[in-house]
$ cat my_file_30.cif   # mmCIF, C-alpha atoms
data_protein
#
loop_
_atom_site.label_atom_id
_atom_site.label_comp_id
_atom_site.auth_asym_id
_atom_site.auth_seq_id
_atom_site.Cartn_x
_atom_site.Cartn_y
_atom_site.Cartn_z
CA MET A 1 78.38 82.32 109.29
CA ILE A 2 77.48 83.04 105.66
CA ALA A 3 74.91 85.61 106.77
CA GLU A 4 77.50 87.27 109.02
CA LEU A 5 80.05 87.46 106.22
CA THR A 6 77.44 88.83 103.83
CA GLN A 7 76.47 91.50 106.35
CA LEU A 8 80.11 92.48 106.81
CA LEU A 9 80.57 92.61 103.03
CA ILE A 10 77.58 94.94 102.68
CA ASN A 11 78.89 97.13 105.50
CA GLY A 12 82.31 97.18 103.86
CA LEU A 13 80.96 98.25 100.48
CA LEU A 14 78.93 101.05 102.07
CA SER A 15 81.94 102.11 104.15
CA GLY A 16 84.16 102.03 101.06
CA THR A 17 81.75 104.32 99.22
CA LEU A 18 82.14 106.93 101.96
CA LEU A 19 85.93 106.54 102.09
CA ALA A 20 86.17 106.96 98.33
CA VAL A 21 85.10 110.62 98.40
CA PRO A 22 87.93 112.02 100.60
CA ALA A 23 90.34 109.52 99.03
CA ILE A 24 89.58 111.02 95.61
CA GLY A 25 90.20 114.48 97.06
CA PHE A 26 93.54 113.35 98.49
CA THR A 27 94.71 111.73 95.26
CA ALA A 28 93.48 114.60 93.07
CA ILE A 29 95.63 117.06 95.03
CA TYR A 30 98.58 114.68 94.80
CA ALA A 31 98.11 114.27 91.04
CA VAL A 32 98.39 118.02 90.43
CA LEU A 33 100.76 119.20 93.17
CA ARG A 34 102.81 116.01 93.64
CA PHE A 35 102.83 115.87 97.44
CA PRO A 36 100.60 114.05 99.96
CA ASN A 37 98.46 116.70 101.66
CA PHE A 38 97.52 115.23 105.03
CA ALA A 39 95.51 118.37 105.82
CA VAL A 40 92.69 116.48 104.09
CA ALA A 41 91.92 115.16 107.60
CA SER A 42 91.21 118.58 109.10
CA HIS A 43 89.26 119.68 106.04
CA ALA A 44 87.04 116.64 106.38
CA THR A 45 86.33 117.82 109.92
CA ILE A 46 85.72 121.38 108.74
CA GLY A 47 83.27 120.14 106.15
CA ALA A 48 81.46 118.07 108.76
CA TYR A 49 81.04 121.10 111.02
CA ALA A 50 80.07 123.41 108.14
CA GLY A 51 77.34 120.92 107.27
CA PHE A 52 76.30 120.82 110.93
CA ILE A 53 75.93 124.60 110.99
CA ALA A 54 73.87 124.56 107.79
CA ASN A 55 71.68 121.66 108.90
CA VAL A 56 71.20 122.27 112.64
CA TRP A 57 71.67 126.00 113.08
CA PHE A 58 69.95 127.12 109.87
CA GLY A 59 67.58 124.19 109.42
CA LEU A 60 68.66 123.38 105.86
CA PRO A 61 68.10 119.88 104.44
CA ALA A 62 70.98 117.45 104.42
CA TRP A 63 71.66 117.71 100.68
CA VAL A 64 72.03 121.50 100.93
CA ALA A 65 74.25 121.05 103.99
CA LEU A 66 76.46 118.71 101.94
CA LEU A 67 76.94 121.45 99.37
CA ALA A 68 77.82 123.84 102.20
CA ALA A 69 80.34 121.30 103.51
CA PHE A 70 81.95 121.06 100.06
CA ILE A 71 82.15 124.82 99.55
CA ALA A 72 83.39 125.64 103.07
CA ALA A 73 86.11 122.98 103.05
CA GLY A 74 87.13 123.96 99.52
CA ILE A 75 87.50 127.63 100.42
CA VAL A 76 89.47 126.85 103.58
CA GLY A 77 91.62 124.51 101.51
CA VAL A 78 92.55 127.22 99.03
CA VAL A 79 93.17 129.83 101.73
CA SER A 80 95.26 127.53 103.93
CA ASP A 81 97.33 126.43 100.95
CA GLU A 82 97.97 130.03 99.91
CA LEU A 83 98.92 131.10 103.44
CA VAL A 84 100.95 128.08 104.53
CA LEU A 85 101.80 125.37 102.01
CA ARG A 86 102.34 127.17 98.72
CA ARG A 87 105.42 129.06 99.90
CA LEU A 88 106.99 125.77 101.02
CA ARG A 89 106.59 123.86 97.75
CA SER A 90 110.03 124.89 96.53
CA SER A 91 111.52 123.05 99.52
CA GLY A 92 110.31 119.70 98.22
CA PRO A 93 107.36 117.36 98.76
CA MET A 94 108.60 115.98 102.09
CA THR A 95 108.70 119.46 103.65
CA VAL A 96 105.21 120.29 102.39
CA ALA A 97 103.83 116.94 103.58
CA ILE A 98 105.19 117.55 107.09
CA ALA A 99 103.80 121.09 107.04
CA SER A 100 100.39 119.69 106.06
CA VAL A 101 100.44 117.54 109.19
CA ALA A 102 101.13 120.63 111.29
CA LEU A 103 98.36 122.48 109.44
CA THR A 104 95.95 119.67 110.27
CA ILE A 105 96.74 119.95 113.98
CA VAL A 106 96.21 123.72 113.93
CA LEU A 107 92.90 123.54 112.07
CA GLU A 108 91.58 120.70 114.24
CA ASN A 109 92.34 122.69 117.36
CA LEU A 110 90.61 125.76 115.93
CA VAL A 111 87.53 123.58 115.48
CA ARG A 112 87.92 122.30 119.04
CA PHE A 113 88.16 125.82 120.48
CA SER A 114 85.10 126.87 118.49
CA PHE A 115 82.80 123.91 119.12
CA GLY A 116 84.26 122.00 122.05
CA ASN A 117 84.93 118.26 122.27
CA ASP A 118 81.37 116.99 122.61
CA LEU A 119 79.88 114.65 120.06
CA LEU A 120 77.38 116.39 117.81
CA GLY A 121 74.73 114.96 115.52
CA TYR A 122 72.76 116.20 112.56
CA ASP A 123 69.05 116.97 112.57
CA LEU A 124 67.83 113.88 110.77
CA PRO A 125 64.77 111.67 111.18
CA VAL A 126 65.39 108.38 112.95
CA LEU A 127 64.66 105.56 110.51
CA ARG A 128 64.51 101.86 111.17
CA ASP A 129 66.92 99.56 109.40
CA TRP A 130 65.58 97.62 106.47
CA ARG A 131 65.80 93.88 107.09
CA PHE A 132 65.73 91.07 104.57
CA SER A 133 66.96 87.46 104.73
CA GLY A 134 68.61 88.09 108.08
CA LEU A 135 70.54 91.11 106.75
CA ARG A 136 70.03 94.76 107.63
CA VAL A 137 70.76 98.04 105.87
CA GLY A 138 70.10 101.51 107.23
CA PRO A 139 68.18 103.92 104.96
CA GLN A 140 70.62 106.67 105.95
CA GLN A 141 73.53 104.46 104.87
CA LEU A 142 71.99 104.06 101.43
CA GLN A 143 71.31 107.79 101.17
CA ASN A 144 74.91 108.51 102.11
CA ALA A 145 76.16 106.01 99.53
CA ALA A 146 73.93 107.60 96.88
CA ALA A 147 75.27 111.07 97.74
CA ALA A 148 78.85 109.77 97.55
CA ALA A 149 78.17 108.11 94.20
CA ALA A 150 76.63 111.33 92.87
CA ALA A 151 79.68 113.35 93.97
CA MET A 152 82.05 110.88 92.31
CA ALA A 153 80.02 110.85 89.10
CA ALA A 154 79.99 114.65 89.02
CA LEU A 155 83.78 114.74 89.41
CA PHE A 156 84.35 112.20 86.63
CA LEU A 157 82.07 114.19 84.29
CA PHE A 158 83.85 117.41 85.26
CA LEU A 159 87.29 115.96 84.50
CA ALA A 160 86.18 114.29 81.29
CA PHE A 161 84.02 116.91 79.61
CA THR A 162 84.85 120.40 80.90
CA ARG A 163 87.71 122.60 79.75
CA THR A 164 88.79 123.22 83.34
CA GLY A 165 88.78 119.50 84.08
CA LYS A 166 90.91 118.80 81.02
CA MET A 167 93.34 121.50 82.19
CA MET A 168 93.68 119.75 85.53
CA ARG A 169 94.30 116.43 83.83
CA ALA A 170 96.89 118.00 81.56
CA VAL A 171 98.85 119.47 84.48
CA ALA A 172 98.64 116.15 86.33
CA ASP A 173 99.90 114.21 83.30
CA ASN A 174 102.70 116.54 82.18
CA PRO A 175 103.18 119.90 83.94
CA MET A 176 105.90 121.10 81.55
CA LEU A 177 103.88 120.35 78.42
CA ALA A 178 100.80 121.94 80.00
CA ALA A 179 102.81 125.11 80.67
CA LEU A 180 103.96 125.19 77.03
CA LYS A 181 100.30 125.03 76.03
CA GLY A 182 99.62 128.15 78.08
CA ILE A 183 97.90 126.49 81.03
CA ASP A 184 98.40 128.46 84.25
CA ALA A 185 99.70 125.93 86.79
CA LEU A 186 98.90 128.21 89.74
CA THR A 187 95.24 128.50 88.73
CA VAL A 188 95.02 124.74 88.26
CA ALA A 189 96.65 124.20 91.67
CA ARG A 190 94.01 126.39 93.31
CA LEU A 191 91.24 124.53 91.50
CA ALA A 192 92.73 121.20 92.58
CA ASN A 193 92.90 122.38 96.18
CA PHE A 194 89.32 123.65 96.09
CA ALA A 195 87.97 120.45 94.52
CA GLY A 196 90.12 118.09 96.58
CA MET A 197 89.48 119.71 99.95
CA GLY A 198 85.84 120.24 99.01
CA LEU A 199 85.49 116.51 98.43
CA ALA A 200 87.22 115.89 101.75
CA GLY A 201 84.66 118.13 103.47
CA PHE A 202 81.81 116.43 101.61
CA GLY A 203 83.13 113.04 102.71
CA GLY A 204 83.61 114.27 106.26
CA MET A 205 79.95 115.22 106.51
CA LEU A 206 78.89 111.88 105.00
CA ILE A 207 80.90 110.11 107.69
CA GLY A 208 79.26 112.35 110.29
CA LEU A 209 75.80 111.54 108.93
CA ASP A 210 76.63 107.87 109.39
CA THR A 211 77.82 108.33 113.00
CA SER A 212 78.42 111.69 114.72
CA ILE A 213 81.05 114.42 114.58
CA ASP A 214 83.76 115.80 116.84
CA PRO A 215 87.08 117.61 116.20
CA LEU A 216 88.80 114.30 115.39
CA THR A 217 86.28 113.14 112.78
CA GLY A 218 88.74 113.54 109.92
CA PHE A 219 91.78 112.36 111.84
CA ARG A 220 90.15 109.00 112.67
CA VAL A 221 89.60 108.13 109.02
CA MET A 222 92.82 109.63 107.62
CA LEU A 223 94.73 106.36 107.73
CA SER A 224 91.98 104.58 105.82
CA VAL A 225 91.79 107.44 103.29
CA PHE A 226 95.57 107.41 102.81
CA ALA A 227 95.58 103.63 102.50
CA ALA A 228 92.83 103.77 99.87
CA ALA A 229 94.77 106.30 97.80
CA VAL A 230 98.05 104.37 98.05
CA VAL A 231 96.53 100.96 97.42
CA GLY A 232 94.68 102.24 94.35
CA GLY A 233 97.70 104.17 93.10
CA LEU A 234 98.56 107.74 94.12
CA GLY A 235 97.37 110.13 91.43
CA SER A 236 94.77 107.71 90.06
CA ILE A 237 91.17 108.75 90.73
CA PRO A 238 89.67 105.39 89.69
CA GLY A 239 92.39 103.81 91.80
CA ALA A 240 91.27 105.80 94.84
CA VAL A 241 87.75 104.43 94.40
CA LEU A 242 89.00 100.85 94.03
CA GLY A 243 91.36 101.28 96.97
CA ALA A 244 88.52 102.63 99.13
CA PHE A 245 86.46 99.51 98.48
CA VAL A 246 89.45 97.27 99.19
CA VAL A 247 90.13 99.01 102.50
CA GLY A 248 86.45 99.34 103.47
CA VAL A 249 85.67 95.68 102.84
CA GLY A 250 88.95 94.59 104.39
CA GLU A 251 88.30 96.54 107.60
CA GLU A 252 84.83 95.03 107.97
CA LEU A 253 85.88 91.45 107.19
CA SER A 254 88.75 91.75 109.66
CA LEU A 255 86.15 91.87 112.44
CA VAL A 256 85.69 88.13 111.97
CA VAL A 257 89.11 87.48 113.50
CA LEU A 258 90.16 90.80 115.07
CA ASP A 259 88.93 92.98 117.86
CA PRO A 260 87.29 96.16 116.44
CA SER A 261 90.04 98.29 118.00
CA TYR A 262 92.53 96.73 115.53
CA ARG A 263 90.53 97.35 112.35
CA THR A 264 92.57 100.43 111.43
CA ALA A 265 95.63 98.18 111.11
CA VAL A 266 94.03 96.78 107.96
CA GLY A 267 95.04 99.94 106.14
CA PHE A 268 98.71 99.33 106.95
CA VAL A 269 98.45 95.69 105.91
CA ALA A 270 96.76 96.63 102.63
CA ILE A 271 99.52 99.14 101.86
CA LEU A 272 102.28 96.62 102.61
CA VAL A 273 100.70 93.78 100.64
CA VAL A 274 99.80 95.80 97.55
CA LEU A 275 103.04 97.76 97.35
CA SER A 276 105.09 94.59 97.81
CA PHE A 277 103.66 93.18 94.57
CA ARG A 278 102.70 96.37 92.73
CA PRO A 279 104.68 99.41 93.94
CA ARG A 280 102.62 101.85 91.88
CA GLY A 281 99.32 100.63 93.34
CA LEU A 282 96.53 98.62 91.75
CA LEU A 283 95.80 101.07 88.93
CA GLY A 284 99.19 102.70 88.63
CA GLU A 285 99.99 106.39 88.69
CA ARG A 286 97.93 109.16 87.14
CA ALA A 287 95.52 106.79 85.44
CA TYR A 288 92.19 108.47 84.70
#

$ encode --input "my_file_30.cif" --output "structure tokens"
Amino acid sequence: MIAELTQLLINGLLSGTLLAVPAIGFTAIYAVLRFPNFAVASHATIGAYAGFIANVWFGLPAWVALLAAFIAAGIVGVVSDELVLRRLRSSGPMTVAIASVALTIVLENLVRFSFGNDLLGYDLPVLRDWRFSGLRVGPQQLQNAAAAAAAMAALFLFLAFTRTGKMMRAVADNPMLAALKGIDALTVARLANFAGMGLAGFGGMLIGLDTSIDPLTGFRVMLSVFAAAVVGGLGSIPGAVLGAFVVGVGEELSLVVLDPSYRTAVGFVAILVVLSFRPRGLLGERAY
């Protein structure tokens, strides 16, 4: 029993690392634009397919394909926001959030029409799991976790030490004061969309590397991503990371008592429990 729980804990930590990347993208967009952009789901799918094209069609290594996933999803994120969501922001966050759901459906169906519904996989070597003390870890899982950790570290360094990153933080903390300081909110919004959706695409490919991809790749993890962001505290990037680990570990440990088909309910339970005791999430709002 102890070995089983330890294995589930390891799986949960690795799963949480992958969830953290799109969850950071989701919460970064919320921090700057102040609405939940559920189109993160479709952009995760777009990133997964962009990485597939780079890796399988053009024969590029996985790490280059991950960069392609980030860039492609980021560009689509900026373009889709400019064409659809930006003009609706004056109508309030609820209207934009609903529109982002509609945008997700449109983009997912464009992917479906382009690539079909079949499961696709990346061109990767098949590696045996590493086994020790009755536990097993896949080399690809560790590589994915390392890539996710590198992406998160790069984002933290960007926000902490670059002028552009400090501009984004300023707009997230106090938009009116940032405007008085001469910071262009529109430019920052575009940067937030590019970075946030790029991270969603990066995370979507990481999830695909761990399993396979299809047009619903992003949709299937959206609840877990949303739960991670809410549990950690919407607008808090460290909170998104913490929330991702809480949800990832919780989903895996739930398999001890629940059928796997019910694991997604853990996200709802985590949201209800955390918000009942701490409405702003574990790390509060806009904590960097």

$ resolve_selection --input "my_file_30.cif" --expression "the PyMOL selection byres ((chain A and resi 174) around 12)" --output "MDAnalysis selection string"
chainID A and resid 31:34 167:173 175:181 183 185 286

$ closest_residue --input "my_file_30.cif" --among "A:Ile24, A:Gly201, A:Gly134, A:Ser114" --to "Leu155 in chain A" --atoms "all atoms listed in the file"
A:Ile24

$ residues_around --input "my_file_30.cif" --residues "Leu85 in chain A" --least-positions-apart "5" --cutoff "10 Å" --atoms "all atoms listed in the file" --output "compact mmCIF listing (two decimals) with C-alpha atoms, keeping the file's coordinate frame"
# COMPACT_ATOMS: atom_id res chain seq x y z
CA ASN A 37 98.46 116.70 101.66
CA VAL A 78 92.55 127.22 99.03
CA VAL A 79 93.17 129.83 101.73
CA SER A 80 95.26 127.53 103.93
CA SER A 90 110.03 124.89 96.53
CA THR A 95 108.70 119.46 103.65
CA VAL A 96 105.21 120.29 102.39
CA ALA A 97 103.83 116.94 103.58
CA ILE A 98 105.19 117.55 107.09
CA ALA A 99 103.80 121.09 107.04
CA SER A 100 100.39 119.69 106.06
CA LEU A 103 98.36 122.48 109.44

$ resolve_selection --input "my_file_30.cif" --expression "the PyMOL selection byres ((chain A and resi 8) around 12)" --output "PyMOL selection string"
chain A and resi 1-7+9-16+135-137+248-256

$ resolve_selection --input "my_file_30.cif" --expression "the PyMOL selection byres ((chain A and resi 18) around 9)" --output "ChimeraX atom specification"
/A:13-17,19-22,144-145,148-149,203-204,206-207,244,248

$ atom_distance --input "my_file_30.cif" --atom1 "CA of Ala189 in chain A" --atom2 "CA of Thr164 in chain A"
11.5 Å

$ residues_around --input "my_file_30.cif" --residues "range 58-70 of chain A" --least-positions-apart "3" --cutoff "7 Å" --atoms "all atoms listed in the file" --output "ChimeraX atom specification"
/A:47-48,50-51,53-55,73-74,198-199,201-202,205

$ closest_residue --input "my_file_30.cif" --among "A:Pro238, A:Arg163, A:Val126, A:Ala265" --to "Val188 in chain A" --atoms "all atoms listed in the file"
A:Arg163

$ closest_residue --input "my_file_30.cif" --among "A:Ala192, A:Val266, A:Leu242, A:Leu107" --to "Ala28 in chain A" --atoms "all atoms listed in the file"
A:Ala192

$ axis_aligned_box --input "my_file_30.cif" --around "range 200-211 of chain A" --padding-each-side "3 Å" --output "AutoDock Vina command-line options"
--center_x 81.5 --center_y 113.0 --center_z 107.3 --size_x 17.4 --size_y 16.3 --size_z 17.4

$ closest_residue --input "my_file_30.cif" --among "A:Ile46, A:Asp118, A:Asp259, A:Thr264" --to "Val106 in chain A" --atoms "only C-alpha atoms"
A:Ile46

$ atom_distance --input "my_file_30.cif" --atom1 "CA of Asp129 in chain A" --atom2 "CA of Ala146 in chain A"
16.4 Å

$ atom_distance --input "my_file_30.cif" --atom1 "CA of Lys166 in chain A" --atom2 "CA of Glu82 in chain A"
23.1 Å

$ residues_around --input "my_file_30.cif" --residues "Ile75 in chain A" --least-positions-apart "6" --cutoff "9 Å" --atoms "all atoms listed in the file" --output "list in words"
Asn193, Phe194, Met197 and Gly198 of chain A

$ closest_residue --input "my_file_30.cif" --among "A:Val225, A:Leu157, A:Leu124, A:Leu119" --to "Leu209 in chain A" --atoms "only C-alpha atoms"
A:Leu124

$ closest_residue --input "my_file_30.cif" --among "A:Val273, A:Ala240, A:Ala23, A:Leu83" --to "Val40 in chain A" --atoms "only C-alpha atoms"
A:Ala23

$ decode --input "my_file_30.cif" --residues "range 120-159 of chain A" --atoms "N, CA and C atoms" --output "tab-separated table (two decimals), in the first residue's frame"
chain	number	residue	atom	x	y	z
A	120	LEU	N	-2.75	11.29	-32.57
A	120	LEU	CA	-1.45	11.45	-33.19
A	120	LEU	C	-0.37	11.43	-32.12
A	121	GLY	N	0.80	10.96	-32.49
A	121	GLY	CA	1.92	10.91	-31.55
A	121	GLY	C	3.15	11.56	-32.14
A	122	TYR	N	4.06	11.93	-31.27
A	122	TYR	CA	5.29	12.57	-31.69
A	122	TYR	C	6.34	11.52	-32.06
A	123	ASP	N	7.33	11.96	-32.82
A	123	ASP	CA	8.41	11.07	-33.25
A	123	ASP	C	9.48	11.05	-32.17
A	124	LEU	N	9.29	10.17	-31.22
A	124	LEU	CA	10.19	10.07	-30.07
A	124	LEU	C	10.66	8.63	-29.90
A	125	PRO	N	11.87	8.45	-29.41
A	125	PRO	CA	12.33	7.08	-29.13
A	125	PRO	C	11.53	6.47	-27.99
A	126	VAL	N	11.29	5.18	-28.08
A	126	VAL	CA	10.58	4.46	-27.02
A	126	VAL	C	11.59	4.06	-25.96
A	127	LEU	N	11.41	4.55	-24.74
A	127	LEU	CA	12.34	4.29	-23.65
A	127	LEU	C	11.65	3.51	-22.55
A	128	ARG	N	12.38	2.59	-21.97
A	128	ARG	CA	11.82	1.83	-20.85
A	128	ARG	C	11.75	2.69	-19.59
A	129	ASP	N	10.76	2.38	-18.77
A	129	ASP	CA	10.66	3.07	-17.49
A	129	ASP	C	11.85	2.70	-16.60
A	130	TRP	N	12.26	3.65	-15.80
A	130	TRP	CA	13.27	3.38	-14.79
A	130	TRP	C	12.56	2.83	-13.55
A	131	ARG	N	13.08	1.76	-13.00
A	131	ARG	CA	12.46	1.11	-11.85
A	131	ARG	C	13.43	1.08	-10.68
A	132	PHE	N	12.91	1.40	-9.50
A	132	PHE	CA	13.72	1.33	-8.30
A	132	PHE	C	12.80	1.17	-7.10
A	133	SER	N	13.13	0.23	-6.23
A	133	SER	CA	12.35	-0.03	-5.01
A	133	SER	C	10.87	-0.23	-5.28
A	134	GLY	N	10.56	-0.90	-6.38
A	134	GLY	CA	9.17	-1.15	-6.71
A	134	GLY	C	8.44	0.02	-7.34
A	135	LEU	N	9.14	1.14	-7.58
A	135	LEU	CA	8.54	2.32	-8.19
A	135	LEU	C	9.05	2.46	-9.62
A	136	ARG	N	8.31	3.17	-10.45
A	136	ARG	CA	8.74	3.36	-11.83
A	136	ARG	C	8.51	4.82	-12.26
A	137	VAL	N	9.44	5.30	-13.05
A	137	VAL	CA	9.36	6.65	-13.60
A	137	VAL	C	9.81	6.59	-15.05
A	138	GLY	N	9.04	7.18	-15.95
A	138	GLY	CA	9.40	7.19	-17.36
A	138	GLY	C	10.41	8.29	-17.66
A	139	PRO	N	11.46	7.98	-18.42
A	139	PRO	CA	12.42	9.02	-18.80
A	139	PRO	C	11.76	10.20	-19.50
A	140	GLN	N	10.75	9.93	-20.33
A	140	GLN	CA	10.06	11.02	-21.01
A	140	GLN	C	9.32	11.90	-20.02
A	141	GLN	N	8.77	11.30	-18.96
A	141	GLN	CA	8.11	12.09	-17.94
A	141	GLN	C	9.07	13.07	-17.28
A	142	LEU	N	10.28	12.59	-16.99
A	142	LEU	CA	11.27	13.45	-16.36
A	142	LEU	C	11.74	14.54	-17.31
A	143	GLN	N	11.88	14.21	-18.59
A	143	GLN	CA	12.26	15.23	-19.57
A	143	GLN	C	11.17	16.29	-19.69
A	144	ASN	N	9.92	15.84	-19.69
A	144	ASN	CA	8.81	16.80	-19.75
A	144	ASN	C	8.80	17.71	-18.52
A	145	ALA	N	9.02	17.10	-17.34
A	145	ALA	CA	9.04	17.89	-16.11
A	145	ALA	C	10.19	18.90	-16.13
A	146	ALA	N	11.34	18.49	-16.67
A	146	ALA	CA	12.48	19.40	-16.76
A	146	ALA	C	12.18	20.55	-17.71
A	147	ALA	N	11.52	20.25	-18.84
A	147	ALA	CA	11.15	21.31	-19.79
A	147	ALA	C	10.15	22.27	-19.15
A	148	ALA	N	9.18	21.73	-18.40
A	148	ALA	CA	8.21	22.58	-17.73
A	148	ALA	C	8.88	23.47	-16.69
A	149	ALA	N	9.80	22.89	-15.92
A	149	ALA	CA	10.52	23.66	-14.91
A	149	ALA	C	11.35	24.77	-15.56
A	150	ALA	N	11.98	24.46	-16.70
A	150	ALA	CA	12.78	25.46	-17.40
A	150	ALA	C	11.90	26.61	-17.89
A	151	ALA	N	10.71	26.28	-18.42
A	151	ALA	CA	9.79	27.32	-18.89
A	151	ALA	C	9.33	28.21	-17.74
A	152	MET	N	9.03	27.60	-16.60
A	152	MET	CA	8.58	28.38	-15.45
A	152	MET	C	9.70	29.26	-14.92
A	153	ALA	N	10.92	28.73	-14.87
A	153	ALA	CA	12.05	29.52	-14.40
A	153	ALA	C	12.30	30.70	-15.33
A	154	ALA	N	12.20	30.47	-16.64
A	154	ALA	CA	12.41	31.54	-17.61
A	154	ALA	C	11.36	32.65	-17.42
A	155	LEU	N	10.11	32.25	-17.15
A	155	LEU	CA	9.06	33.26	-16.95
A	155	LEU	C	9.32	34.07	-15.69
A	156	PHE	N	9.70	33.40	-14.59
A	156	PHE	CA	9.97	34.12	-13.35
A	156	PHE	C	11.12	35.11	-13.54
A	157	LEU	N	12.17	34.70	-14.23
A	157	LEU	CA	13.30	35.59	-14.50
A	157	LEU	C	12.88	36.77	-15.37
A	158	PHE	N	12.04	36.47	-16.37
A	158	PHE	CA	11.53	37.52	-17.26
A	158	PHE	C	10.74	38.57	-16.48
A	159	LEU	N	9.85	38.11	-15.60
A	159	LEU	CA	9.01	39.04	-14.84
A	159	LEU	C	9.83	39.82	-13.82
